[in-house]
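Have a look at upload04.txt below; it lists compact mmCIF, C-alpha atoms.
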```
# COMPACT_ATOMS: atom_id res chain seq x y z
CA GLU R 25 23.46 -0.18 -0.43
CA ILE R 26 26.76 1.74 -0.39
CA LEU R 27 28.48 -1.10 -2.17
CA CYS R 28 25.80 -1.15 -4.89
CA MET R 29 25.98 2.59 -5.36
CA ILE R 30 29.74 2.58 -5.80
CA SER R 31 29.55 -0.39 -8.14
CA SER R 32 26.88 1.28 -10.26
CA SER R 33 28.97 4.46 -10.44
CA ASN R 34 32.02 2.56 -11.59
CA ASP R 35 30.01 0.65 -14.19
CA SER R 36 28.48 3.80 -15.70
CA HIS R 37 31.64 5.90 -15.65
CA GLY R 38 34.18 3.29 -16.72
CA ARG R 39 37.40 2.42 -14.94
CA SER R 40 37.99 5.77 -13.24
CA GLY R 41 34.92 6.79 -11.31
CA SER R 42 36.97 9.00 -8.98
CA ALA R 43 38.47 10.89 -11.94
CA THR R 44 35.00 11.55 -13.28
CA VAL R 45 33.94 12.94 -9.92
CA LEU R 46 37.04 15.15 -9.83
CA ASN R 47 36.32 16.65 -13.23
CA SER R 48 32.70 17.38 -12.44
CA GLY R 49 32.82 18.33 -8.81
CA GLY R 50 36.34 19.48 -7.89
CA GLN R 51 38.55 18.50 -5.00
CA ARG R 52 35.79 18.12 -2.44
CA ALA R 53 33.99 15.53 -4.55
CA ALA R 54 37.31 13.81 -5.21
CA GLY R 55 37.93 13.59 -1.49
CA ILE R 56 34.50 12.06 -0.90
CA ALA R 57 35.05 9.57 -3.70
CA THR R 58 38.46 8.65 -2.30
CA LEU R 59 36.97 8.05 1.15
CA ALA R 60 34.19 5.99 -0.39
CA LEU R 61 36.71 3.91 -2.32
CA ALA R 62 38.78 3.40 0.82
CA GLY R 63 35.65 2.33 2.64
CA LEU R 64 34.83 -0.11 -0.13
CA LEU R 65 38.29 -1.63 0.01
CA SER R 66 38.07 -1.87 3.79
CA ILE R 67 34.67 -3.54 3.64
CA GLY R 68 35.88 -5.89 0.94
CA GLY R 69 38.89 -6.85 3.02
CA ARG R 70 36.73 -7.64 6.02
CA ALA R 71 34.28 -9.63 3.90
CA ALA R 72 37.11 -11.85 2.69
CA ASP R 73 37.95 -12.68 6.32
CA VAL R 74 34.39 -13.34 7.45
CA GLN R 75 34.47 -17.15 7.29
CA PRO R 76 37.28 -18.50 9.47
CA ARG R 77 39.13 -21.68 8.53
CA SER R 78 37.54 -24.85 9.85
CA LEU R 79 39.53 -26.86 12.36
CA PRO R 80 41.51 -29.59 10.53
CA LEU R 81 41.36 -33.25 11.48
CA GLY R 82 43.89 -34.14 14.17
CA ALA R 83 43.84 -30.65 15.68
CA ASP R 84 43.49 -30.05 19.41
CA ALA R 85 40.13 -28.87 20.72
CA PRO R 86 40.30 -25.10 21.26
CA ASP R 87 39.40 -24.08 24.78
CA PHE R 88 36.51 -21.74 25.50
CA SER R 89 34.80 -19.92 28.32
CA LEU R 90 31.12 -19.53 27.53
CA SER R 91 27.85 -18.98 29.37
CA GLY R 92 25.33 -21.79 29.34
CA VAL R 93 21.56 -21.45 29.40
CA ASP R 94 21.72 -22.71 33.00
CA GLY R 95 23.70 -19.62 34.02
CA ARG R 96 26.99 -21.45 34.49
CA THR R 97 30.23 -20.72 32.64
CA TYR R 98 31.79 -23.71 30.89
CA SER R 99 35.22 -24.53 29.49
CA LEU R 100 36.91 -27.69 28.22
CA ARG R 101 37.95 -28.75 31.73
CA ASP R 102 34.31 -29.19 32.68
CA PHE R 103 34.21 -32.16 30.28
CA ALA R 104 37.61 -33.60 31.14
CA ALA R 105 36.12 -36.88 32.37
CA ALA R 106 34.42 -37.64 29.06
CA ARG R 107 35.95 -40.35 26.85
CA VAL R 108 34.68 -38.48 23.81
CA LEU R 109 33.60 -34.86 23.43
CA VAL R 110 31.11 -33.80 20.75
CA VAL R 111 30.88 -30.06 20.07
CA VAL R 112 27.93 -29.12 17.90
CA PHE R 113 27.52 -25.61 16.54
CA THR R 114 23.80 -24.99 16.23
CA CYS R 115 21.25 -22.26 16.88
CA ASN R 116 17.60 -21.40 17.47
CA HIS R 117 16.47 -19.75 14.26
CA CYS R 118 17.73 -22.16 11.58
CA PRO R 119 15.06 -24.64 10.39
CA THR R 120 17.71 -27.29 9.71
CA ALA R 121 19.06 -26.90 13.23
CA GLN R 122 15.51 -27.21 14.57
CA TYR R 123 15.04 -30.49 12.68
CA TYR R 124 18.08 -31.89 14.49
CA GLU R 125 17.18 -30.87 18.04
CA GLY R 126 15.39 -34.13 18.82
CA ARG R 127 18.19 -36.20 17.31
CA LEU R 128 20.80 -34.36 19.36
CA MET R 129 18.81 -35.03 22.51
CA GLN R 130 18.57 -38.72 21.61
CA LEU R 131 22.30 -38.90 20.91
CA ALA R 132 23.10 -37.26 24.24
CA ALA R 133 20.89 -39.78 26.04
CA ASP R 134 22.13 -42.82 24.12
CA TYR R 135 25.84 -42.12 24.62
CA ARG R 136 25.96 -40.50 28.05
CA ASP R 137 26.59 -43.80 29.84
CA LYS R 138 29.32 -44.61 27.32
CA GLY R 139 31.31 -41.60 28.43
CA VAL R 140 30.32 -39.16 25.72
CA ALA R 141 29.69 -35.49 26.48
CA LEU R 142 27.67 -33.47 23.95
CA VAL R 143 28.00 -29.70 24.03
CA ALA R 144 26.04 -27.33 21.79
CA ILE R 145 27.32 -23.85 21.01
CA SER R 146 25.34 -21.11 19.31
CA PRO R 147 27.90 -19.19 17.19
CA ASN R 148 25.60 -16.55 15.73
CA ASP R 149 25.71 -12.83 16.40
CA PRO R 150 21.96 -12.31 16.97
CA HIS R 151 22.20 -8.83 15.43
CA SER R 152 23.48 -10.32 12.16
CA VAL R 153 20.41 -12.46 11.56
CA ARG R 154 18.29 -10.79 8.87
CA LEU R 155 14.57 -10.25 9.42
CA ASP R 156 13.66 -12.56 6.54
CA GLU R 157 15.73 -15.32 8.13
CA LEU R 158 13.41 -15.32 11.13
CA GLY R 159 10.43 -16.47 9.08
CA TRP R 160 10.89 -20.10 10.13
CA THR R 161 11.18 -19.59 13.86
CA ASP R 162 9.42 -18.21 16.91
CA LEU R 163 12.74 -17.32 18.57
CA GLY R 164 15.94 -15.55 17.60
CA ASP R 165 19.51 -16.37 18.57
CA SER R 166 19.93 -14.13 21.60
CA TYR R 167 21.07 -15.58 24.91
CA ALA R 168 17.60 -14.94 26.37
CA ASP R 169 15.95 -16.77 23.49
CA MET R 170 18.35 -19.68 23.88
CA LYS R 171 17.20 -20.06 27.46
CA LEU R 172 13.58 -20.15 26.31
CA ARG R 173 14.27 -22.77 23.62
CA ALA R 174 16.23 -25.00 25.98
CA LYS R 175 13.47 -24.83 28.59
CA GLU R 176 10.69 -25.42 26.07
CA ARG R 177 12.41 -28.42 24.42
CA ARG R 178 13.95 -29.68 27.67
CA PHE R 179 17.44 -29.95 26.25
CA ASN R 180 19.48 -32.64 27.99
CA PHE R 181 22.81 -31.22 26.86
CA VAL R 182 24.84 -28.10 27.64
CA TYR R 183 23.84 -25.18 25.39
CA LEU R 184 26.36 -22.32 25.25
CA TYR R 185 26.19 -18.77 23.89
CA ASP R 186 29.05 -17.38 21.78
CA GLY R 187 27.16 -14.63 19.98
CA GLU R 188 28.84 -11.75 21.78
CA THR R 189 32.52 -12.26 20.87
CA GLN R 190 32.35 -15.38 18.65
CA LYS R 191 35.90 -16.13 19.79
CA ALA R 192 35.33 -19.85 20.28
CA SER R 193 33.37 -20.17 17.06
CA ARG R 194 36.16 -18.55 15.06
CA ALA R 195 38.63 -20.99 16.61
CA TYR R 196 36.56 -24.00 15.48
CA GLY R 197 35.37 -22.52 12.18
CA PRO R 198 31.85 -23.93 11.70
CA VAL R 199 30.49 -23.19 8.23
CA ALA R 200 26.83 -23.82 9.01
CA THR R 201 24.41 -24.77 11.74
CA PRO R 202 24.49 -27.59 12.65
CA HIS R 203 28.19 -28.49 12.29
CA VAL R 204 29.72 -31.28 14.40
CA PHE R 205 33.27 -31.61 15.77
CA LEU R 206 34.09 -34.90 17.53
CA PHE R 207 37.16 -35.18 19.77
CA ASP R 208 38.69 -38.31 21.27
CA GLY R 209 39.99 -38.76 24.81
CA GLU R 210 43.12 -36.76 24.02
CA ARG R 211 40.88 -34.05 22.54
CA LYS R 212 42.13 -34.55 19.00
CA LEU R 213 39.60 -33.92 16.24
CA ARG R 214 38.54 -37.28 14.80
CA TYR R 215 35.36 -36.38 12.93
CA ALA R 216 33.88 -33.18 11.49
CA GLY R 217 30.73 -32.65 9.47
CA GLY R 218 27.06 -33.48 9.56
CA ILE R 219 25.00 -35.46 12.04
CA ASP R 220 23.56 -37.68 9.32
CA ASP R 221 22.73 -37.51 5.62
CA SER R 222 19.29 -35.86 5.69
CA GLU R 223 17.63 -33.13 7.72
CA ARG R 224 14.38 -35.08 7.31
CA VAL R 225 14.63 -37.94 9.77
CA GLN R 226 12.48 -40.24 7.63
CA HIS R 227 15.01 -39.99 4.80
CA VAL R 228 18.16 -40.70 6.84
CA LYS R 229 20.25 -43.56 5.50
CA VAL R 230 23.68 -42.90 7.01
CA HIS R 231 24.17 -41.87 10.65
CA TYR R 232 27.56 -40.17 10.34
CA LEU R 233 27.92 -39.02 13.94
CA ARG R 234 26.75 -42.30 15.48
CA GLU R 235 29.13 -44.26 13.28
CA ALA R 236 31.99 -41.94 14.20
CA LEU R 237 31.17 -42.20 17.90
CA ASP R 238 31.04 -46.00 17.81
CA ALA R 239 34.35 -46.14 15.98
CA VAL R 240 36.22 -43.74 18.27
CA LEU R 241 34.84 -45.40 21.39
CA ALA R 242 36.15 -48.71 20.03
CA GLY R 243 39.57 -47.20 19.33
CA LYS R 244 39.04 -47.24 15.57
CA THR R 245 39.02 -44.66 12.79
CA PRO R 246 35.57 -43.33 11.79
CA PRO R 247 34.38 -44.79 8.47
CA ALA R 248 33.94 -41.21 7.24
CA ALA R 249 36.17 -38.73 9.04
CA GLN R 250 34.74 -35.70 7.28
CA THR R 251 31.34 -35.18 5.68
CA LYS R 252 29.32 -32.44 4.03
CA VAL R 253 27.70 -29.86 6.25
CA VAL R 254 24.17 -28.76 5.38
CA GLY R 255 22.33 -26.00 7.22
CA CYS R 256 22.17 -22.25 7.68
CA SER R 257 25.26 -20.08 7.32
CA VAL R 258 26.89 -18.85 10.51
CA LYS R 259 26.03 -15.19 11.20
CA TRP R 260 29.35 -13.46 11.82
```
Could the structure of this file be written out as structure tokens, please?
Amino acid sequence: EILCMISSSNDSHGRSGSATVLNSGGQRAAGIATLALAGLLSIGGRAADVQPRSLPLGADAPDFSLSGVDGRTYSLRDFAAARVLVVVFTCNHCPTAQYYEGRLMQLAADYRDKGVALVAISPNDPHSVRLDELGWTDLGDSYADMKLRAKERRFNFVYLYDGETQKASRAYGPVATPHVFLFDGERKLRYAGGIDDSERVQHVKVHYLREALDAVLAGKTPPAAQTKVVGCSVKW
């Protein structure tokens, strides 16, 4: 609302809204306008930094220390034995993420004996989710709600909460939920993108993550190392 008000003032008074305030209201009004402008610039600067850069292919997996829905704290070393590590940024409230829950569970089950560890991280600040964005869900993105979702759906993978500091999420740079990052045995990023090519399972034609997993496990390069991410924006 503040941004709109300042914008409207500038539009109606031309290039120098602060000068107009000074002429009509004196130094006090000028001071208020200056503070408002400084606030606007500050907000604008922060907005430009909201979306962190996504991890590039070949990069090392950033470490983390996050609480799981089982009450344990996890870091990369807890998955050191895995031949391949899949980190999926997902959440409770997003309808696209909900569509993929069953597929993630199936992937975790299908590849566990092949030495693949699948870890899900919720990157969202639960306080940044708008009320209208909760219209497609019975649960929000709080740690407590994550525990409920995991119990209800019987998740067979580690589900971690990063909504408090978002430090790990900023290191990986997911642009939407869900967003996949696949690391090889040396924890180099070999694939990043979507799980497959359609949120509707009946319309899936290309299984991006499965193809990447099969390739990396065989010591080969994924047929598509990077694919489009479709889902809900991360709530920073």
With a distance cut-off of 9 Å and only C-alpha atoms, select the neighbouring residues of segment 139-153 of chain R, excluding the residue or stretch itself and same-chain residues fewer than 5 positions from it, and output the selection as a PyMOL selection string.
-> chain R and resi 90+92+103+105-117+128+131-132+158+164-167+170+181-194+198+201+237+241+258-260
Output file for the residues above (C-alpha atoms, as a PDB file, keeping the file's coordinate frame):
```
ATOM      1  CA  LEU R  90      31.120 -19.530  27.530  1.00  0.00           C
ATOM      2  CA  GLY R  92      25.330 -21.790  29.340  1.00  0.00           C
ATOM      3  CA  PHE R 103      34.210 -32.160  30.280  1.00  0.00           C
ATOM      4  CA  ALA R 105      36.120 -36.880  32.370  1.00  0.00           C
ATOM      5  CA  ALA R 106      34.420 -37.640  29.060  1.00  0.00           C
ATOM      6  CA  ARG R 107      35.950 -40.350  26.850  1.00  0.00           C
ATOM      7  CA  VAL R 108      34.680 -38.480  23.810  1.00  0.00           C
ATOM      8  CA  LEU R 109      33.600 -34.860  23.430  1.00  0.00           C
ATOM      9  CA  VAL R 110      31.110 -33.800  20.750  1.00  0.00           C
ATOM     10  CA  VAL R 111      30.880 -30.060  20.070  1.00  0.00           C
ATOM     11  CA  VAL R 112      27.930 -29.120  17.900  1.00  0.00           C
ATOM     12  CA  PHE R 113      27.520 -25.610  16.540  1.00  0.00           C
ATOM     13  CA  THR R 114      23.800 -24.990  16.230  1.00  0.00           C
ATOM     14  CA  CYS R 115      21.250 -22.260  16.880  1.00  0.00           C
ATOM     15  CA  ASN R 116      17.600 -21.400  17.470  1.00  0.00           C
ATOM     16  CA  HIS R 117      16.470 -19.750  14.260  1.00  0.00           C
ATOM     17  CA  LEU R 128      20.800 -34.360  19.360  1.00  0.00           C
ATOM     18  CA  LEU R 131      22.300 -38.900  20.910  1.00  0.00           C
ATOM     19  CA  ALA R 132      23.100 -37.260  24.240  1.00  0.00           C
ATOM     20  CA  LEU R 158      13.410 -15.320  11.130  1.00  0.00           C
ATOM     21  CA  GLY R 164      15.940 -15.550  17.600  1.00  0.00           C
ATOM     22  CA  ASP R 165      19.510 -16.370  18.570  1.00  0.00           C
ATOM     23  CA  SER R 166      19.930 -14.130  21.600  1.00  0.00           C
ATOM     24  CA  TYR R 167      21.070 -15.580  24.910  1.00  0.00           C
ATOM     25  CA  MET R 170      18.350 -19.680  23.880  1.00  0.00           C
ATOM     26  CA  PHE R 181      22.810 -31.220  26.860  1.00  0.00           C
ATOM     27  CA  VAL R 182      24.840 -28.100  27.640  1.00  0.00           C
ATOM     28  CA  TYR R 183      23.840 -25.180  25.390  1.00  0.00           C
ATOM     29  CA  LEU R 184      26.360 -22.320  25.250  1.00  0.00           C
ATOM     30  CA  TYR R 185      26.190 -18.770  23.890  1.00  0.00           C
ATOM     31  CA  ASP R 186      29.050 -17.380  21.780  1.00  0.00           C
ATOM     32  CA  GLY R 187      27.160 -14.630  19.980  1.00  0.00           C
ATOM     33  CA  GLU R 188      28.840 -11.750  21.780  1.00  0.00           C
ATOM     34  CA  THR R 189      32.520 -12.260  20.870  1.00  0.00           C
ATOM     35  CA  GLN R 190      32.350 -15.380  18.650  1.00  0.00           C
ATOM     36  CA  LYS R 191      35.900 -16.130  19.790  1.00  0.00           C
ATOM     37  CA  ALA R 192      35.330 -19.850  20.280  1.00  0.00           C
ATOM     38  CA  SER R 193      33.370 -20.170  17.060  1.00  0.00           C
ATOM     39  CA  ARG R 194      36.160 -18.550  15.060  1.00  0.00           C
ATOM     40  CA  PRO R 198      31.850 -23.930  11.700  1.00  0.00           C
ATOM     41  CA  THR R 201      24.410 -24.770  11.740  1.00  0.00           C
ATOM     42  CA  LEU R 237      31.170 -42.200  17.900  1.00  0.00           C
ATOM     43  CA  LEU R 241      34.840 -45.400  21.390  1.00  0.00           C
ATOM     44  CA  VAL R 258      26.890 -18.850  10.510  1.00  0.00           C
ATOM     45  CA  LYS R 259      26.030 -15.190  11.200  1.00  0.00           C
ATOM     46  CA  TRP R 260      29.350 -13.460  11.820  1.00  0.00           C
TER      47      TRP R 260
END
```
Any idea what the distance is between atom CA of Gly243 of chain R and atom CA of Glu125 of chain R?
-> 27.7 Å
Can you tell me how far atom CA of Leu79 of chain R sits from atom CA of Gly197 of chain R, in Å to one decimal?
->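 Taking atom CA of Leu79 of chain R and atom CA of Gly197 of chain R, their separation equals 6.0 Å.
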When you draw a straight line from atom CA of Cys256 of chain R to atom CA of Glu157 of chain R, how long is it in Å?
->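 Distance reported for this atom pair: 9.5 Å.
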R:Arg101, R:Arg127, R:Arg96, R:His203 ranked by distance to Gln226 of chain R, top pick (using all atoms listed in the file) = R:Arg127
With a distance cut-off of 9 Å and all atoms listed in the file, select the neighbouring residues of Pro246 of chain R, excluding the residue or stretch itself and same-chain residues fewer than 4 positions from it, and output the selection as a PyMOL selection string.
-> chain R and resi 214-215+232+235-240+250
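Distances here use all atoms listed in the file; by that measure, the residue among R:Arg234, R:Lys244, R:Lys252, R:Lys212 closest to Pro86 of chain R is R:Lys212.
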